[in-house]
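Enquirer: Structure provided below as structure tokens; questions to follow.
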Amino acid sequence: MVRSLWTGASGMIGQQANIDTISNNLANVNTSGFKKVRSDFEDLLYQTVRTAGTPATEDTVVPVGVQMGHGVKLAATQRMFTQGSLQSTENVYDVAINGEGFFRIQTYDGSYGYTRDGAFKVDENGRLVTSNGYWVLPDIVMPENFLPQTITIARDGRVEVKTPASGDETVQVGQMELYRFPNPVGLNSVGENLYKVTQASGEPIPGQPGYEGMGRLEHKFLEMSNVSVVREMVDLIVAQRAYEFNSKTIQTSDNMLGTATSLKR
Amino acid sequence: MIRGWYTGASGMRAQQWKLDAVANNLANVEVDGYKKDTAVHKAFPELLMRRMDDDGVYRHPFGSGDAAPIIGKLGMGVELNEIFTDFQQGAMKETQSDFDIALDGKGFFTVLTPWGERYTRNGSFVLGKEGYLETKEGYPVLGDNGPLKVKANNFQVDKEGGVWINAQYADDPELMVSRDGNTWDQTVLLDTLKVVEFDLDRYLQKQGSSLYRATDISGEAQTMELNTRPRVVQGFVEASNVDPVMEMVQMIEVNRAYEANQKMVQSEDSMLGVLLNQTAKFG
């Protein structure tokens, strides 16, 4: 009896975590470069009440044992790195990755972060930075008096811009690089659209956009999140119902406990 | 009198076990590859009741001999006989992840744990640090020739369970590569997923974490022949086969049966109370 109470509770806790994940996906539905997270569950330990194969009588054995499950646990929250849709923004500082790879970002503490969010800006020194002011690596620095509307970022990562001095000629100001990982699922999300390297992700492999399996860059586009609202809503409904079922388990257990208690008058 | 009491109590206990199984099914309703458990009850053997020596002389039931007359049968209650696992196919859920593989039909994936081979229907795998295909607990998934080193975060699985990787990366055993866009000129067959079956798969023992263990009765795992293998589908997972409606109905049934048995224990008690009080009056 008490076992089913806790089993039901583990189910409720699991579904709560599921809904936490889904709600975070839905909250980030408009975050550019966001990759949805999926919760995966596993069953918990089993208590063997009677082992199959133990003697039942002198010449027969118990064919099937009795094993009681103890509920469910969250096994993993897994990020799904499928491509998000590309949206045209007409903004010269926006760039999307079509395919695999991450931009490398240097955060304030000097460590590297990786992102798919290509909504960049230019700081007061003409340097390409993220919305949070982190530097994009390798450095891309605009020349003085550059004409923002003339910036072009090629599919292979070349960044060119015109200045009044250069006239009709464009000046190449840098070459963007992409980084990919043997196992992107193992990356550590740290918020602000950034991922950090872990032992599970493996070391980053640099490359030029469009070559050797790296995605191409799309200038004046942003990658939308890959969250499908319909899918999340369906998952949300399923999770809520599963939560309810488990609460019914607890109710029933409680009911039966009450029945047992009322034995003694 | 006392006998009926314990019969009622045994009914309550059996229903309690049954609820435990139902509760676990409902808790695992969203676990990929989970197979539901069903509790089966069995009656204790019925006993033939004989009148206890009514006049001190044993009589045969048919008039002669020396046995006391039989007055009928009496059940001795119920006990939980077995919890068996129902290996019915679960629904297929599309995930679009290369690492999710589902079996459409009978059979199990083989996983290597520190305690030996274990079997699972949960094909939601991940890429391990060394490039091996692993479960979420970090146990490598086995092919016919040992652990599968897929090395890349994309690979292809055909309907027979053959695992294909990009030919470019096949030669270097240590090279671990990332998704390579569209450069899939040539593929090589790395290995075939080890899909096994058992003589009696309902006698497998659940171990938690979606793993099953072979028992003496289930028999050893047998690698399935190509023509009997289930269809292997990449990009899908098998959802649990728990039907919440059936579980809810069972839960209601359990609850009511529990109450009915409780009423029985109570009536036995009140009858005993009457007896005690009547006796007291004579005293």
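Chains: A, B, ... in order of the structure tokens. Residues: from 1 per chain. Ligands: from 1, in order shown.
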What's the 7 Å shell around Gly107 in chain B, counting only C-alpha atoms, without same-chain residues fewer than 6 positions away, as JSON, numbers by chain?
Expert: {"B": [195, 196, 197, 230]}
Enquirer: Given the selection you just returned, output its residues as a file containing all heavy atoms, formatted as a PDB file, in the first residue's frame.
Expert:
```
ATOM      1  N   VAL B 195      19.957  -8.246 -32.139  1.00  0.00           N
ATOM      2  CA  VAL B 195      18.564  -8.330 -31.699  1.00  0.00           C
ATOM      3  C   VAL B 195      18.314  -9.778 -31.287  1.00  0.00           C
ATOM      4  O   VAL B 195      18.570 -10.690 -32.066  1.00  0.00           O
ATOM      5  CB  VAL B 195      17.605  -7.901 -32.821  1.00  0.00           C
ATOM      6  CG1 VAL B 195      16.166  -8.027 -32.369  1.00  0.00           C
ATOM      7  CG2 VAL B 195      17.902  -6.486 -33.251  1.00  0.00           C
ATOM      8  N   VAL B 196      17.865  -9.947 -30.045  1.00  0.00           N
ATOM      9  CA  VAL B 196      17.736 -11.312 -29.521  1.00  0.00           C
ATOM     10  C   VAL B 196      16.301 -11.616 -29.138  1.00  0.00           C
ATOM     11  O   VAL B 196      15.477 -10.730 -28.976  1.00  0.00           O
ATOM     12  CB  VAL B 196      18.629 -11.517 -28.279  1.00  0.00           C
ATOM     13  CG1 VAL B 196      20.081 -11.367 -28.638  1.00  0.00           C
ATOM     14  CG2 VAL B 196      18.237 -10.567 -27.169  1.00  0.00           C
ATOM     15  N   GLU B 197      16.023 -12.906 -29.040  1.00  0.00           N
ATOM     16  CA  GLU B 197      14.718 -13.338 -28.557  1.00  0.00           C
ATOM     17  C   GLU B 197      14.933 -14.430 -27.506  1.00  0.00           C
ATOM     18  O   GLU B 197      16.044 -14.932 -27.336  1.00  0.00           O
ATOM     19  CB  GLU B 197      13.852 -13.863 -29.698  1.00  0.00           C
ATOM     20  CG  GLU B 197      14.439 -15.080 -30.378  1.00  0.00           C
ATOM     21  CD  GLU B 197      13.561 -15.626 -31.482  1.00  0.00           C
ATOM     22  OE1 GLU B 197      12.382 -15.261 -31.517  1.00  0.00           O
ATOM     23  OE2 GLU B 197      14.060 -16.414 -32.295  1.00  0.00           O
ATOM     24  N   PRO B 230      12.536  -8.366 -36.074  1.00  0.00           N
ATOM     25  CA  PRO B 230      11.548  -7.294 -36.170  1.00  0.00           C
ATOM     26  C   PRO B 230      12.069  -6.222 -37.129  1.00  0.00           C
ATOM     27  O   PRO B 230      13.267  -6.170 -37.396  1.00  0.00           O
ATOM     28  CB  PRO B 230      11.477  -6.755 -34.757  1.00  0.00           C
ATOM     29  CG  PRO B 230      12.810  -7.048 -34.184  1.00  0.00           C
ATOM     30  CD  PRO B 230      13.256  -8.344 -34.796  1.00  0.00           C
TER      31      PRO B 230
END
```
Enquirer: Determine, counting only C-alpha atoms, which protein, DNA and RNA residues have an atom within 10 Å of an atom of Phe221 in chain A; residues of the same chain fewer than 2 positions away are not included. Present the result as a PyMOL selection string.
Expert: chain A and resi 85-98+118-119+217-219+223-224
Enquirer: Could you list, as a count of residues only, every residue within 9 Å of Pro143 in chain A, counting only C-alpha atoms and ignoring same-chain residues fewer than 5 positions away?
Expert: 6
Enquirer: Which neighbours of Asn18 in chain A fall inside 8 Å, counting only C-alpha atoms, when residues of the same chain fewer than 3 positions from it are skipped, and could you give them as a ChimeraX atom specification?
Expert: /A:14-15,21-22,39,239
Enquirer: What would the file look like if the residues just selected were written as a tab-separated table (two decimals), in the first residue's frame with N, CA and C atoms?
Expert:
```
chain	number	residue	atom	x	y	z
A	14	GLY	N	8.09	12.88	-11.71
A	14	GLY	CA	8.61	12.74	-13.06
A	14	GLY	C	7.88	13.62	-14.04
A	15	GLN	N	6.54	13.61	-13.96
A	15	GLN	CA	5.76	14.42	-14.90
A	15	GLN	C	5.97	15.90	-14.64
A	21	THR	N	10.39	20.94	-18.39
A	21	THR	CA	11.13	20.97	-19.64
A	21	THR	C	10.30	21.54	-20.77
A	22	ILE	N	9.06	21.07	-20.86
A	22	ILE	CA	8.18	21.53	-21.94
A	22	ILE	C	7.94	23.03	-21.82
A	39	SER	N	12.64	15.33	-22.31
A	39	SER	CA	12.94	14.51	-21.12
A	39	SER	C	12.72	13.04	-21.45
A	239	ALA	N	1.53	15.01	-20.60
A	239	ALA	CA	2.19	15.10	-19.30
A	239	ALA	C	1.18	15.42	-18.21
```
Enquirer: Could you list the residues in chain B lying within 7 Å of chain A, using only C-alpha atoms, and format the result as a PyMOL selection string?
Expert: chain B and resi 16+19-21+23-24+26-32+82-84+127-129+136+152-153+176-183+203+206-210+217+255+258-259+262+266
Enquirer: Hey, what does DSSP flag as strand (DSSP E or B) within range 35-177 of chain A? Can you give it to me as a ChimeraX atom specification?
Expert: /A:37-43,46-50,55,61,66-69,72-79,86-88,94-98,100,102-106,112-115,119,121-122,127-129,135-137,141,152-153,158-161,171-175
Enquirer: Please provide as a PyMOL selection string all residues within 9 Å of Val141 in chain B, with the sequence filter that same-chain residues fewer than 6 positions apart are discarded (counting only C-alpha atoms).
Expert: chain B and resi 109-112+125+132-135+147-148+193-194
Enquirer: Based on the backbone DSSP call, show me all residues of range 8-183 of chain A assigned helix (DSSP H, G or I), as an NGL selection string.
Expert: :A and (8-27 or 148-150)
